[in-house]
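Step one of this worksheet: look at the structure below.
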There are 2 protein chains.
Amino acid sequence: MTVAEPGTTAVLAGGVGAARMLAGLIQVVDPTTITAVVNTADDLILHGLEISPDLDTVTYTLAGAIDPDRGWGLAGETWQAMESLRRYGGEAWFNLGDRDLGTHLFRTGRRRSGASLSEVTLDIAQAWGLDVRLLPVTDDVIRTRLTVEGEGEIAFQEYFVHRQHSVAVSAVRFEGADVSTPAPGVLAAIAGATTVVIAPSNPIVSIGPVLAVPGVREAVMARRSDVVAVSPIVAGAALKGPADRLLVDLGHESSVVGVARIYAELAATLVIDTADAELAGAVEAEGMRCIVTDTIMSSPARSAALGRVVLGGRPS
Amino acid sequence: MTVAEPGTTAVLAGGVGAARMLAGLIQVVDPTTITAVVNTADDLILHGLEISPDLDTVTYTLAGAIDPDRGWGLAGETWQAMESLRRYGGEAWFNLGDRDLGTHLFRTGRRRSGASLSEVTLDIAQAWGLDVRLLPVTDDVIRTRLTVEGEGEIAFQEYFVHRQHSVAVSAVRFEGADVSTPAPGVLAAIAGATTVVIAPSNPIVSIGPVLAVPGVREAVMARRSDVVAVSPIVAGAALKGPADRLLVDLGHESSVVGVARIYAELAATLVIDTADAELAGAVEAEGMRCIVTDTIMSSPARSAALGRVVLGGRPS
């Protein structure tokens, strides 16, 4: 009898959708065989603190510590620091819970002592007991900048949190991406993975920056036949966030077909929701294999079921 | 009948002792006529946040918000962020309460937007409704560095909080002081004050740095006849902190006479505690007028009584 080599999985990840996808995958395969390559273009420095929203959302979700109602931040959080900041008239539109602040204090302190974002991310993941390997896509600073009509460019969190993504966007770029390099382990994880998963994150502002780090897009394309993307668009709309509006603003179609056009050169397979079953043919016409299944990860069991489909019943 | 011009008071201030002195003075004269010139050489950047312990102690005390038991930080404080930081193994020896963190977040954010420490200090004082004018002695970065036997130099909070001032110190210097300039208003407050008060703060590491900012010592000396110092040493010991040990380590005498020798060229008057009444003659032998009174500010009424003595029954 021969024992099958255990497979490995690389997941290109944004925030909430990717976190739920990963929470499903760890129920299906050995978590130590999974590497998440996480978007850092939403990161920001606020009040002097280094904040990595997508890395933290993934970490807190996999640790079972995420607030289930808000979908971000820690469960059982308190808000004393923010209340105090408001007393001073400080910029309090980006809510930072007291326990969450501990994460940012740690990250900022370690970064100022010379640690890379990868190193700090590993420390934080270990402190939460995570078995999945979390990698920021790059240790360099990359920042999403959105052009808003009549205003010029604004930063991602200004758009996403402060404006609640209610403004029209005419262009998106990832500042610093062109001169960035992938964090240690990123390219090897993609090259060596049995399956590369593009999580159901925003294709423009979550997966876009991951692919914009030089070498990453090429690494994914080189693995196209083993790349499975999960559509974040269901019945024409984003489950969460501004993906639908952004796609339309930037000239794409807010549908699984629009997603297929964006991912066709990267992924051989697109997983779409049963709500979009009638578009499976149109997806295949874009040159992708189409899998129709329930993609709404409203429970751990549903996340696991989606994980099983994405890995195609691969032995773990 | 002529109305007396209201007098003004300038107070050279460290942390706890100065805060209590100021809390007494505001009961005795119109608070808007008081300017506190506060030590900033204990300031530090921790986890990326700009922390000004003496300014905050004075602010919180005058706002009636200081924790009465600890003597630092805010009453009713919570510690969620620190608990979270400890989970990561972060440097948690310098305790930062959640509400206190709001102050540091605000200060750091405003400083990064280009505001000077003076400007931020004014904003914070206004938010707490303070009528006393609080000035950092300088807007430049000055830092107390202590030479510890066998170790070389360490930073002030490393000495004061982390080591709990339990090590022998052979030298003290104020890094950056020689190239610093007084914050706007500092020299004018001293030059124009009816009375200049040297608060009962540590002469070496609290008042020392204030005097080390070029121009401040000279401004105080020029007002010597109107300068009243209050001894922080009572019966040979510091009420709080390491002043007694530091004085001895650095070759001074830990007594009101030792304090008189340090302040004689700056102040015409030294206020000492009744416990040291028998040393009044020795103080006067150093060339200072000596006032003996109760200097232990264990209640607001006692702080006010000391304030009345320090201002010499001056009409307000």
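Identifiers for the structure tokens are assigned positionally: chains receive A, B, ... in sequence, residues are indexed from 1 per chain, and ligands are indexed from 1 in the order shown.
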I'd like the superposed chain B, fitted onto chain A by least squares over all Cα atoms in order, as a compact mmCIF listing (two decimals) with C-alpha atoms, in the first residue's frame.
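Result file part-v9.txt:
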# COMPACT_ATOMS: atom_id res chain seq x y z
CA MET B 1 -0.69 0.08 -0.01
CA THR B 2 0.80 3.51 -0.77
CA VAL B 3 0.00 6.53 1.31
CA ALA B 4 -0.92 9.53 -0.82
CA GLU B 5 1.37 12.53 -0.38
CA PRO B 6 -0.79 15.02 1.46
CA GLY B 7 -1.78 17.86 -0.80
CA THR B 8 -1.20 21.50 -0.04
CA THR B 9 -3.46 24.44 -0.68
CA ALA B 10 -2.62 28.09 -1.34
CA VAL B 11 -5.47 30.57 -0.88
CA LEU B 12 -5.39 34.10 -2.28
CA ALA B 13 -7.33 35.97 0.37
CA GLY B 14 -9.02 39.23 1.21
CA GLY B 15 -11.03 39.69 4.42
CA VAL B 16 -14.40 38.31 5.47
CA GLY B 17 -15.20 36.04 2.49
CA ALA B 18 -11.70 34.58 2.46
CA ALA B 19 -11.74 34.09 6.22
CA ARG B 20 -14.96 32.04 5.95
CA MET B 21 -13.53 30.05 3.04
CA LEU B 22 -10.43 29.25 5.10
CA ALA B 23 -12.60 28.33 8.09
CA GLY B 24 -14.26 25.79 5.80
CA LEU B 25 -11.02 24.43 4.35
CA ILE B 26 -9.50 23.73 7.77
CA GLN B 27 -12.41 21.40 8.46
CA VAL B 28 -11.67 19.48 5.25
CA VAL B 29 -7.87 19.15 5.14
CA ASP B 30 -5.01 19.36 7.64
CA PRO B 31 -4.73 23.10 8.41
CA THR B 32 -0.94 22.91 8.39
CA THR B 33 -1.11 22.16 4.65
CA ILE B 34 -2.87 25.49 3.94
CA THR B 35 -1.13 28.77 3.17
CA ALA B 36 -3.20 31.94 2.98
CA VAL B 37 -1.68 34.76 0.90
CA VAL B 38 -3.44 37.81 2.27
CA ASN B 39 -4.11 41.26 0.82
CA THR B 40 -2.31 44.11 2.59
CA ALA B 41 -3.31 47.00 0.34
CA ASP B 42 -6.13 47.89 2.79
CA ASP B 43 -3.58 48.31 5.58
CA LEU B 44 -3.30 51.72 7.16
CA ILE B 45 -1.49 53.69 9.79
CA LEU B 46 -3.95 55.37 12.10
CA HIS B 47 -3.00 57.30 15.24
CA GLY B 48 0.50 55.93 14.61
CA LEU B 49 -0.64 52.32 14.76
CA GLU B 50 -0.12 49.81 11.96
CA ILE B 51 -3.43 48.18 11.15
CA SER B 52 -3.84 45.18 8.82
CA PRO B 53 -7.60 44.63 8.52
CA ASP B 54 -7.59 41.59 6.23
CA LEU B 55 -4.85 39.75 8.11
CA ASP B 56 -6.69 40.40 11.38
CA THR B 57 -10.06 39.32 10.00
CA VAL B 58 -8.56 36.04 8.80
CA THR B 59 -6.70 35.52 12.09
CA TYR B 60 -9.64 36.30 14.34
CA THR B 61 -12.02 34.20 12.22
CA LEU B 62 -9.77 31.12 12.20
CA ALA B 63 -9.24 31.56 15.95
CA GLY B 64 -12.99 31.53 16.46
CA ALA B 65 -12.67 34.95 18.05
CA ILE B 66 -14.30 37.13 15.39
CA ASP B 67 -17.43 39.02 16.33
CA PRO B 68 -20.12 37.02 14.52
CA ASP B 69 -22.53 39.94 14.16
CA ARG B 70 -20.17 42.65 12.92
CA GLY B 71 -18.03 40.23 10.90
CA TRP B 72 -14.91 42.17 11.90
CA GLY B 73 -13.09 42.70 15.18
CA LEU B 74 -13.21 40.57 18.29
CA ALA B 75 -16.22 39.10 20.04
CA GLY B 76 -16.86 40.53 23.50
CA GLU B 77 -15.00 43.68 22.56
CA THR B 78 -15.06 46.91 24.61
CA TRP B 79 -14.69 50.46 23.23
CA GLN B 80 -13.19 52.58 26.00
CA ALA B 81 -10.25 53.89 23.98
CA MET B 82 -12.53 55.05 21.15
CA GLU B 83 -14.87 56.79 23.60
CA SER B 84 -11.88 58.57 25.06
CA LEU B 85 -10.61 59.51 21.60
CA ARG B 86 -14.02 60.99 20.78
CA ARG B 87 -13.82 63.20 23.87
CA TYR B 88 -10.83 64.86 22.22
CA GLY B 89 -12.57 65.18 18.87
CA GLY B 90 -10.13 62.66 17.42
CA GLU B 91 -10.72 60.83 14.14
CA ALA B 92 -12.87 57.98 15.38
CA TRP B 93 -14.54 56.83 12.16
CA PHE B 94 -12.33 53.75 12.07
CA ASN B 95 -13.48 51.81 15.10
CA LEU B 96 -10.78 50.09 17.09
CA GLY B 97 -11.90 47.90 19.99
CA ASP B 98 -9.79 47.79 23.13
CA ARG B 99 -8.74 44.15 22.70
CA ASP B 100 -8.15 44.68 18.99
CA LEU B 101 -5.90 47.61 19.91
CA GLY B 102 -3.63 45.13 21.69
CA THR B 103 -3.01 43.51 18.29
CA HIS B 104 -2.12 46.82 16.69
CA LEU B 105 0.09 47.85 19.61
CA PHE B 106 1.97 44.55 19.31
CA ARG B 107 2.29 44.76 15.53
CA THR B 108 3.46 48.37 15.62
CA GLY B 109 5.94 47.77 18.42
CA ARG B 110 7.47 44.74 16.69
CA ARG B 111 7.60 46.53 13.34
CA ARG B 112 9.40 49.47 14.95
CA SER B 113 11.90 46.99 16.40
CA GLY B 114 12.66 45.89 12.86
CA ALA B 115 10.41 42.84 12.39
CA SER B 116 8.82 42.39 8.98
CA LEU B 117 5.05 42.21 8.59
CA SER B 118 5.45 38.47 7.78
CA GLU B 119 7.27 37.87 11.03
CA VAL B 120 4.73 39.76 13.12
CA THR B 121 1.86 38.03 11.31
CA LEU B 122 3.36 34.65 12.19
CA ASP B 123 3.74 35.69 15.86
CA ILE B 124 0.13 36.83 16.01
CA ALA B 125 -1.15 33.67 14.33
CA GLN B 126 0.86 31.52 16.73
CA ALA B 127 -0.47 33.42 19.74
CA TRP B 128 -3.98 32.52 18.57
CA GLY B 129 -2.96 28.89 18.01
CA LEU B 130 -3.56 28.92 14.26
CA ASP B 131 -2.27 26.01 12.21
CA VAL B 132 -2.86 27.67 8.83
CA ARG B 133 0.18 29.54 7.58
CA LEU B 134 -0.72 33.22 7.09
CA LEU B 135 1.43 35.29 4.78
CA PRO B 136 0.95 38.92 3.86
CA VAL B 137 1.31 39.02 0.09
CA THR B 138 4.26 41.39 0.54
CA ASP B 139 6.34 42.88 3.32
CA ASP B 140 6.52 46.11 1.34
CA VAL B 141 3.99 48.90 1.68
CA ILE B 142 1.27 48.72 -0.96
CA ARG B 143 -1.83 50.86 -0.73
CA THR B 144 -5.08 50.88 -2.67
CA ARG B 145 -5.94 54.34 -3.96
CA LEU B 146 -9.35 55.01 -5.49
CA THR B 147 -10.17 57.90 -7.78
CA VAL B 148 -13.50 59.43 -6.80
CA GLU B 149 -15.28 61.78 -9.17
CA GLY B 150 -14.63 65.42 -8.38
CA GLU B 151 -12.31 64.59 -5.49
CA GLY B 152 -9.25 62.89 -6.82
CA GLU B 153 -7.68 59.94 -5.06
CA ILE B 154 -8.64 58.70 -1.63
CA ALA B 155 -7.26 55.87 0.50
CA PHE B 156 -9.02 52.53 0.78
CA GLN B 157 -10.35 52.80 4.33
CA GLU B 158 -11.45 56.37 3.67
CA TYR B 159 -13.56 54.91 0.85
CA PHE B 160 -14.60 51.69 2.51
CA VAL B 161 -15.26 52.71 6.11
CA HIS B 162 -15.52 56.50 6.24
CA ARG B 163 -17.58 56.90 3.02
CA GLN B 164 -19.14 53.45 3.43
CA HIS B 165 -18.27 52.82 -0.25
CA SER B 166 -21.14 55.02 -1.36
CA VAL B 167 -19.22 57.06 -3.94
CA ALA B 168 -18.57 56.41 -7.62
CA VAL B 169 -15.05 55.19 -8.37
CA SER B 170 -13.46 55.82 -11.75
CA ALA B 171 -10.07 54.20 -11.21
CA VAL B 172 -8.18 52.01 -8.76
CA ARG B 173 -4.45 51.63 -8.39
CA PHE B 174 -2.17 49.90 -5.92
CA GLU B 175 0.45 52.40 -4.87
CA GLY B 176 3.84 50.81 -4.31
CA ALA B 177 2.86 47.50 -5.86
CA ASP B 178 5.08 47.94 -8.91
CA VAL B 179 8.20 48.12 -6.74
CA SER B 180 7.12 45.52 -4.18
CA THR B 181 8.29 41.95 -3.91
CA PRO B 182 6.30 38.95 -2.67
CA ALA B 183 6.82 38.09 1.00
CA PRO B 184 9.04 35.07 1.70
CA GLY B 185 7.15 31.88 0.91
CA VAL B 186 4.42 33.41 -1.26
CA LEU B 187 5.64 32.30 -4.68
CA ALA B 188 6.75 28.89 -3.40
CA ALA B 189 3.35 28.31 -1.77
CA ILE B 190 1.60 29.01 -5.07
CA ALA B 191 4.09 27.04 -7.17
CA GLY B 192 3.99 24.05 -4.83
CA ALA B 193 0.27 23.88 -4.04
CA THR B 194 -1.84 20.99 -5.15
CA THR B 195 -4.69 23.48 -5.46
CA VAL B 196 -4.60 27.26 -5.61
CA VAL B 197 -7.86 28.81 -4.42
CA ILE B 198 -8.95 32.35 -5.23
CA ALA B 199 -11.25 33.08 -2.31
CA PRO B 200 -14.63 34.80 -2.78
CA SER B 201 -13.13 38.21 -2.01
CA ASN B 202 -13.51 41.44 -3.94
CA PRO B 203 -11.77 40.82 -7.31
CA ILE B 204 -10.81 44.48 -7.68
CA VAL B 205 -9.61 45.65 -4.26
CA SER B 206 -8.87 42.39 -2.41
CA ILE B 207 -7.56 39.91 -4.98
CA GLY B 208 -6.43 42.72 -7.31
CA PRO B 209 -3.60 43.90 -5.05
CA VAL B 210 -2.45 40.33 -4.33
CA LEU B 211 -2.06 39.80 -8.09
CA ALA B 212 -0.43 43.20 -8.53
CA VAL B 213 2.65 42.24 -6.54
CA PRO B 214 5.19 41.43 -9.26
CA GLY B 215 5.51 37.69 -9.78
CA VAL B 216 2.24 36.65 -8.16
CA ARG B 217 0.01 36.90 -11.23
CA GLU B 218 2.56 34.97 -13.28
CA ALA B 219 2.89 32.32 -10.56
CA VAL B 220 -0.89 31.84 -10.49
CA MET B 221 -1.17 31.75 -14.30
CA ALA B 222 1.53 29.08 -14.40
CA ARG B 223 -0.74 26.93 -12.21
CA ARG B 224 -3.97 27.74 -14.08
CA SER B 225 -5.18 24.16 -14.41
CA ASP B 226 -5.03 23.75 -10.61
CA VAL B 227 -6.51 27.14 -9.77
CA VAL B 228 -10.11 27.28 -8.51
CA ALA B 229 -11.77 30.66 -8.07
CA VAL B 230 -14.94 31.13 -6.05
CA SER B 231 -17.23 33.89 -7.27
CA PRO B 232 -17.90 36.63 -4.70
CA ILE B 233 -20.85 37.73 -6.84
CA VAL B 234 -24.11 35.85 -6.27
CA ALA B 235 -27.18 36.73 -8.33
CA GLY B 236 -25.45 39.86 -9.53
CA ALA B 237 -24.66 41.24 -6.09
CA ALA B 238 -21.86 41.11 -3.55
CA LEU B 239 -22.81 39.37 -0.32
CA LYS B 240 -20.80 41.98 1.55
CA GLY B 241 -18.97 45.10 0.53
CA PRO B 242 -18.80 47.07 -2.69
CA ALA B 243 -17.63 44.45 -5.20
CA ASP B 244 -20.78 44.72 -7.34
CA ARG B 245 -20.75 48.48 -7.60
CA LEU B 246 -16.97 48.64 -8.10
CA LEU B 247 -17.15 46.09 -10.92
CA VAL B 248 -19.76 48.17 -12.72
CA ASP B 249 -18.01 51.49 -12.00
CA LEU B 250 -14.85 50.10 -13.55
CA GLY B 251 -16.51 48.71 -16.67
CA HIS B 252 -16.99 45.09 -15.67
CA GLU B 253 -20.21 43.13 -15.41
CA SER B 254 -21.49 42.48 -11.90
CA SER B 255 -22.25 38.80 -12.52
CA VAL B 256 -20.48 35.48 -12.42
CA VAL B 257 -19.76 36.04 -16.11
CA GLY B 258 -18.02 39.30 -15.30
CA VAL B 259 -16.01 37.46 -12.64
CA ALA B 260 -15.18 34.72 -15.14
CA ARG B 261 -13.82 37.32 -17.58
CA ILE B 262 -11.52 38.68 -14.86
CA TYR B 263 -10.27 35.29 -13.70
CA ALA B 264 -10.27 33.25 -16.94
CA GLU B 265 -6.55 33.66 -17.63
CA LEU B 266 -5.70 32.74 -14.02
CA ALA B 267 -8.04 29.92 -13.08
CA ALA B 268 -9.31 26.85 -14.96
CA THR B 269 -12.34 26.57 -12.68
CA LEU B 270 -14.94 28.99 -11.36
CA VAL B 271 -17.29 27.97 -8.55
CA ILE B 272 -20.61 29.80 -8.72
CA ASP B 273 -23.71 29.73 -6.55
CA THR B 274 -26.79 27.70 -7.36
CA ALA B 275 -28.62 31.01 -7.70
CA ASP B 276 -26.57 31.57 -10.86
CA ALA B 277 -26.95 28.05 -12.27
CA GLU B 278 -28.41 29.34 -15.53
CA LEU B 279 -25.16 31.27 -16.17
CA ALA B 280 -22.94 28.17 -16.03
CA GLY B 281 -22.90 27.95 -19.80
CA ALA B 282 -21.92 31.58 -20.15
CA VAL B 283 -19.07 31.05 -17.66
CA GLU B 284 -17.86 28.04 -19.66
CA ALA B 285 -18.05 30.18 -22.80
CA GLU B 286 -15.32 32.34 -21.15
CA GLY B 287 -13.06 29.29 -21.15
CA MET B 288 -13.51 28.13 -17.55
CA ARG B 289 -14.89 24.93 -16.12
CA CYS B 290 -17.92 25.91 -14.02
CA ILE B 291 -18.97 24.24 -10.77
CA VAL B 292 -22.39 25.13 -9.40
CA THR B 293 -22.90 24.72 -5.67
CA ASP B 294 -24.09 26.50 -2.55
CA THR B 295 -21.49 29.23 -1.93
CA ILE B 296 -23.26 31.12 0.87
CA MET B 297 -21.09 30.35 3.91
CA SER B 298 -23.70 31.10 6.53
CA SER B 299 -22.51 28.37 8.90
CA PRO B 300 -19.30 26.38 9.54
CA ALA B 301 -20.93 23.31 7.96
CA ARG B 302 -21.71 25.24 4.77
CA SER B 303 -18.15 26.61 4.69
CA ALA B 304 -16.83 23.06 5.01
CA ALA B 305 -19.13 21.81 2.25
CA LEU B 306 -17.89 24.56 -0.08
CA GLY B 307 -14.31 23.71 0.92
CA ARG B 308 -14.89 20.08 -0.12
CA VAL B 309 -16.21 21.17 -3.49
CA VAL B 310 -13.36 23.61 -4.07
CA LEU B 311 -10.75 20.94 -3.35
CA GLY B 312 -12.62 18.54 -5.62
CA GLY B 313 -12.75 15.71 -3.13
CA ARG B 314 -8.95 15.69 -3.13
CA PRO B 315 -7.62 13.22 -0.49
CA SER B 316 -6.13 15.03 2.44
Can you pull out every residue from range 203-312 of chain B that DSSP, working from the backbone, puts in helix (DSSP H, G or I), and format the result as a PyMOL selection string? chain B and resi 203-212+216-221+224-226+243-249+256-263+274-285+300-310
